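Since the structure comes first, as structure tokens, the remarks are kept for the end.
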Amino acid sequence: MCNLGGALVLGLLLFGTGGIAGEDPAERLQAEVYALKDVRVPAEVPGRVVQRPADESASVKRGDVIVALDDVLMKTAARAAEANARRAKARRDWALAELERARTLSRTNSVGKADLDRAVLASREAEEALLAAEATADEARERLARTQIRAPFDGRLVRIPPQTGEYLGVGMTAFRIIDDSQLKVVTYVPAGWLSRLKVGDSLILRADFPGASLAPLTARVFSIAPAAEGASRTFRVEARATREKESGWRPGMTAVAVPGER
């Protein structure tokens, strides 16, 4: 494959849109280029959009707030839940103090076993009520935090569908973000390629659209499908490449691929 790969790479560097004389078109694969990370981030709580960036293609950092939802009602709910948790804690503390008092008195036979049992039960119920109240407060704080919809990783924004003032329901897309520092290349190969294309081999790509003047891109084969696609009887191959910022390669481009050196 090494000799064949070297010849094919040379051919790739020479052919134009229509190929070159003597080149075998069967040795060229049509490929598509994607961002390795491409995520549509949904709203996890409902609300009306009160903040969004004007630049829908801005570079962002992990944790940056991209879309903010109206949080007035959720702030109120969180404060109420926290206040309820504080009251539950006070009741639990009082119940524990009563239990300790009952235990002290029981040692001098000043209270009966029934009174001690009631104090034990009251303290357990107060503890359970506190745990429930704290869980409700935690949930309210989490729902409030989710009104701030943040970038899940460093990357670039692609699109922000909602406008300020629009309502976002749970599951609706708040924004799309990609990490285009790593590219995914997808192509489909006929069965005859499987004996000479392995995971870890390289594919050399050339941009396949009018006016393209990008330098060839080297991608490493990451996976080869174990079964053929339906009617085409071809096998899906995924390769990965690091994108240099100056290279000009971008997700969404089409390419022609040939095998490179192993």
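Labels for the structure tokens follow display order: chains A, B, ..., residues from 1 in each chain, ligands from 1.
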
Notebook entry, point to check: Which residues in region 1-157 of chain A does DSSP call strand (DSSP E)? List them as a PyMOL selection string.
Noted result: chain A and resi 29-42+47-51+59-60+65-69+148-150+155-157

File of the preceding selection, C-alpha atoms, as a PDB file, in the first residue's frame:
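New file out-v3.pdb:
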```pdb
ATOM      1  CA  LEU A  29     -13.100   8.946  -2.616  1.00  0.00           C
ATOM      2  CA  GLN A  30     -15.645  11.668  -2.035  1.00  0.00           C
ATOM      3  CA  ALA A  31     -15.472  12.815   1.575  1.00  0.00           C
ATOM      4  CA  GLU A  32     -17.199  15.310   3.840  1.00  0.00           C
ATOM      5  CA  VAL A  33     -15.553  17.321   6.589  1.00  0.00           C
ATOM      6  CA  TYR A  34     -17.197  17.941   9.973  1.00  0.00           C
ATOM      7  CA  ALA A  35     -16.198  19.394  13.322  1.00  0.00           C
ATOM      8  CA  LEU A  36     -15.337  16.576  15.702  1.00  0.00           C
ATOM      9  CA  LYS A  37     -17.463  18.287  18.369  1.00  0.00           C
ATOM     10  CA  ASP A  38     -20.719  19.742  17.067  1.00  0.00           C
ATOM     11  CA  VAL A  39     -23.390  20.213  19.727  1.00  0.00           C
ATOM     12  CA  ARG A  40     -26.829  21.771  19.769  1.00  0.00           C
ATOM     13  CA  VAL A  41     -27.236  22.875  23.377  1.00  0.00           C
ATOM     14  CA  PRO A  42     -30.863  22.694  24.589  1.00  0.00           C
ATOM     15  CA  GLY A  47     -38.144  30.677  30.054  1.00  0.00           C
ATOM     16  CA  ARG A  48     -38.047  33.831  27.991  1.00  0.00           C
ATOM     17  CA  VAL A  49     -34.700  34.858  26.482  1.00  0.00           C
ATOM     18  CA  VAL A  50     -33.299  38.017  28.089  1.00  0.00           C
ATOM     19  CA  GLN A  51     -29.689  37.802  26.857  1.00  0.00           C
ATOM     20  CA  SER A  59     -15.254  32.223  19.878  1.00  0.00           C
ATOM     21  CA  VAL A  60     -16.244  31.270  23.429  1.00  0.00           C
ATOM     22  CA  VAL A  65     -23.022  32.270  29.438  1.00  0.00           C
ATOM     23  CA  ILE A  66     -24.353  32.233  25.878  1.00  0.00           C
ATOM     24  CA  VAL A  67     -28.112  32.524  26.432  1.00  0.00           C
ATOM     25  CA  ALA A  68     -29.812  33.745  29.615  1.00  0.00           C
ATOM     26  CA  LEU A  69     -33.474  33.184  30.484  1.00  0.00           C
ATOM     27  CA  GLN A 148     -27.852  30.601  32.446  1.00  0.00           C
ATOM     28  CA  ILE A 149     -27.148  28.376  29.415  1.00  0.00           C
ATOM     29  CA  ARG A 150     -23.378  27.985  29.157  1.00  0.00           C
ATOM     30  CA  GLY A 155     -15.266  26.521  20.623  1.00  0.00           C
ATOM     31  CA  ARG A 156     -17.106  28.737  18.180  1.00  0.00           C
ATOM     32  CA  LEU A 157     -20.771  29.524  17.996  1.00  0.00           C
TER      33      LEU A 157
END
```

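Omitting Ile204 (chain A) and its sequence neighbours fewer than 5 positions away, and counting only C-alpha atoms, the residues within 7 Å are A:Val9, A:Pro216, A:Leu217, A:Thr218, A:Ala219, A:Ala257, A:Val258, A:Pro259, A:Gly260.
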
Check: In Å to one decimal, how far is CA of Ala133 (chain A) from CA of Ala85 (chain A)?
Finding: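 If I compute the distance from CA of Ala85 (chain A) to CA of Ala133 (chain A), I get 4.8 Å.
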
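Every protein or nucleic acid residue with an atom no more than 12 Å from Trp249 (chain A), counting only C-alpha atoms and leaving out same-chain residues fewer than 5 positions away, appears here: Glu32, Val33, Tyr34, Ala35, Asp180, Ser181, Gln182, Leu183, Lys184, Val185, Leu205, Arg206, Ala207, Asp208, Ala212, Ser213, Leu214, Ala215, Pro216, Leu217, Thr218, Ala241, Thr242, Arg243, Glu244, Thr254 and Ala255 of chain A.
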